[in-house]
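Next up, protein34.csv (CSV, C-alpha atoms):
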```
chain,number,residue,atom,x,y,z
A,1,MET,CA,121.5,83.7,85.7
A,2,GLN,CA,118.4,81.8,84.5
A,3,ASN,CA,118.4,79.7,87.7
A,4,LEU,CA,118.7,82.8,89.9
A,5,ARG,CA,115.9,84.6,88.1
A,6,HIS,CA,113.7,81.5,88.5
A,7,LYS,CA,114.4,81.4,92.3
A,8,LEU,CA,113.6,85.1,92.5
A,9,GLU,CA,110.3,84.7,90.6
A,10,GLN,CA,109.3,81.9,93.0
A,11,ARG,CA,110.1,84.1,96.0
A,12,LEU,CA,108.2,87.0,94.5
A,13,GLN,CA,105.2,84.8,94.1
A,14,LEU,CA,105.5,83.7,97.8
A,15,LEU,CA,105.7,87.3,98.9
A,16,GLU,CA,102.7,88.3,96.8
A,17,GLN,CA,100.6,85.5,98.3
A,18,ALA,CA,101.7,86.5,101.8
A,19,MET,CA,100.8,90.1,101.2
A,20,LYS,CA,97.4,89.2,99.8
A,21,ARG,CA,96.7,87.3,103.0
A,22,ASN,CA,98.0,90.3,105.0
A,23,MET,CA,100.6,88.2,106.7
A,24,HIS,CA,102.7,91.3,107.1
A,25,ILE,CA,100.2,92.2,109.9
A,26,SER,CA,99.6,88.7,111.3
A,27,ASP,CA,103.1,87.3,110.9
A,28,PRO,CA,105.5,90.2,110.1
A,29,ASN,CA,108.6,88.1,110.8
A,30,THR,CA,107.8,85.7,107.9
A,31,VAL,CA,107.2,88.6,105.5
A,32,ASP,CA,110.4,90.2,106.6
A,33,VAL,CA,112.3,87.0,105.8
A,34,LEU,CA,110.7,86.8,102.4
A,35,ILE,CA,111.7,90.4,101.6
A,36,ASP,CA,115.3,89.7,102.8
A,37,ARG,CA,115.4,86.7,100.5
A,38,LEU,CA,114.8,89.0,97.6
A,39,THR,CA,116.7,92.2,98.4
A,40,TYR,CA,120.1,90.4,98.4
A,41,ALA,CA,119.7,90.3,94.6
A,42,TRP,CA,118.5,93.9,94.2
A,43,ASN,CA,120.7,94.5,91.2
A,44,VAL,CA,119.2,91.6,89.3
A,45,LEU,CA,115.5,92.6,89.9
A,46,ASN,CA,113.7,94.8,87.4
A,47,GLU,CA,112.1,98.1,88.3
A,48,GLU,CA,108.6,96.6,88.7
A,49,ASP,CA,109.8,94.0,91.1
A,50,LYS,CA,111.7,96.6,93.1
A,51,ASP,CA,108.6,98.8,93.3
A,52,PHE,CA,106.6,95.8,94.5
A,53,ILE,CA,109.1,94.9,97.2
A,54,GLN,CA,109.4,98.5,98.4
A,55,GLY,CA,105.6,98.7,98.6
A,56,CYS,CA,105.6,95.5,100.7
A,57,GLN,CA,108.3,97.0,102.9
A,58,PHE,CA,106.2,100.1,103.4
A,59,ALA,CA,103.1,98.1,104.2
A,60,LEU,CA,105.1,96.0,106.7
A,61,GLU,CA,106.6,98.9,108.5
A,62,GLU,CA,103.3,100.9,108.6
A,63,GLN,CA,101.1,97.8,109.2
A,64,ILE,CA,98.9,98.9,106.4
A,65,GLU,CA,96.3,96.4,105.1
A,66,TRP,CA,97.3,95.1,101.6
A,67,ASN,CA,94.5,95.7,99.0
A,68,LYS,CA,94.6,95.8,95.2
A,69,ASP,CA,93.1,99.3,95.3
A,70,VAL,CA,95.7,101.4,97.2
A,71,SER,CA,93.3,104.2,97.6
A,72,THR,CA,91.2,102.1,100.0
A,73,THR,CA,94.0,100.9,102.3
A,74,LYS,CA,93.6,101.6,105.9
A,75,LYS,CA,95.7,101.5,109.0
```
This structure in structure tokens:
Amino acid sequence: MQNLRHKLEQRLQLLEQAMKRNMHISDPNTVDVLIDRLTYAWNVLNEEDKDFIQGCQFALEEQIEWNKDVSTTKK
């Protein structure tokens, strides 16, 4: 289980970096793959990780710019 959690943490970090670079807009396929590589282990993820992934999925689907301050995001 430790090994799986370590892999998931690495993948979460990659997804976070991609989102900060707004790759979900410039390269949506890559971000979609990163999300898929996390959602297979949904039952292992904690609530915070799940919320983050769901936010990424929403930003990907709606093509919303990723900002720290959600109130300033624009289409």
Separation of CA of Arg11 in chain A and CA of Leu45 in chain A, in Å?
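One can read the CA of Arg11 in chain A to CA of Leu45 in chain A distance as 11.8 Å.
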Quote the spacing between CA of Trp66 in chain A and CA of Leu34 in chain A in Å to one decimal place.
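We find that CA of Trp66 in chain A and CA of Leu34 in chain A lie 15.8 Å from each other.
Here CA of Trp42 in chain A and CA of Glu65 in chain A stand 24.9 Å from one another.
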Contact check, range 6-25 of chain A to range 57-62 of chain A, at most 10 Å, counting all atoms listed in the file, closest pairs as JSON lines:
```
{"residue": "A:Met19", "atom": "CA", "partner": "A:Ala59", "partner_atom": "CA", "distance": 8.8}
{"residue": "A:Asn22", "atom": "CA", "partner": "A:Leu60", "partner_atom": "CA", "distance": 9.3}
{"residue": "A:Met23", "atom": "CA", "partner": "A:Leu60", "partner_atom": "CA", "distance": 9.0}
{"residue": "A:His24", "atom": "CA", "partner": "A:Leu60", "partner_atom": "CA", "distance": 5.3}
{"residue": "A:Ile25", "atom": "CA", "partner": "A:Leu60", "partner_atom": "CA", "distance": 7.0}
```
Nearest candidate to Leu38 in chain A (options A:Leu14, A:Cys56, A:Met1, A:Leu8; using only C-alpha atoms)
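Comparing A:Leu14, A:Cys56, A:Met1, A:Leu8 against Leu38 in chain A, the winner is A:Leu8.
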Looking at A:Val33, A:Glu16, A:Pro28, A:Glu9, which one is nearest to Asn46 in chain A, with distances taken over all atoms listed in the file?
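Residue with the minimum atom-to-atom distance to Asn46 in chain A: A:Glu9.
Omitting Val44 in chain A and its sequence neighbours fewer than 4 positions away, and counting all atoms listed in the file, the residues within 12 Å are Met1, Gln2, Leu4, Arg5, His6, Lys7, Leu8, Glu9, Leu38, Thr39, Tyr40, Glu48, Asp49 and Lys50 of chain A.
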The selected residues should be written to file as a short mmCIF file (atom, residue, chain, number, x, y, z; two decimals), in the coordinates of the input (atoms: C-alpha atoms).
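Listed below is the output, part23.cif:
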```
data_model
loop_
_atom_site.label_atom_id
_atom_site.label_comp_id
_atom_site.auth_asym_id
_atom_site.auth_seq_id
_atom_site.Cartn_x
_atom_site.Cartn_y
_atom_site.Cartn_z
CA MET A 1 121.50 83.70 85.70
CA GLN A 2 118.40 81.80 84.50
CA LEU A 4 118.70 82.80 89.90
CA ARG A 5 115.90 84.60 88.10
CA HIS A 6 113.70 81.50 88.50
CA LYS A 7 114.40 81.40 92.30
CA LEU A 8 113.60 85.10 92.50
CA GLU A 9 110.30 84.70 90.60
CA LEU A 38 114.80 89.00 97.60
CA THR A 39 116.70 92.20 98.40
CA TYR A 40 120.10 90.40 98.40
CA GLU A 48 108.60 96.60 88.70
CA ASP A 49 109.80 94.00 91.10
CA LYS A 50 111.70 96.60 93.10
#
```
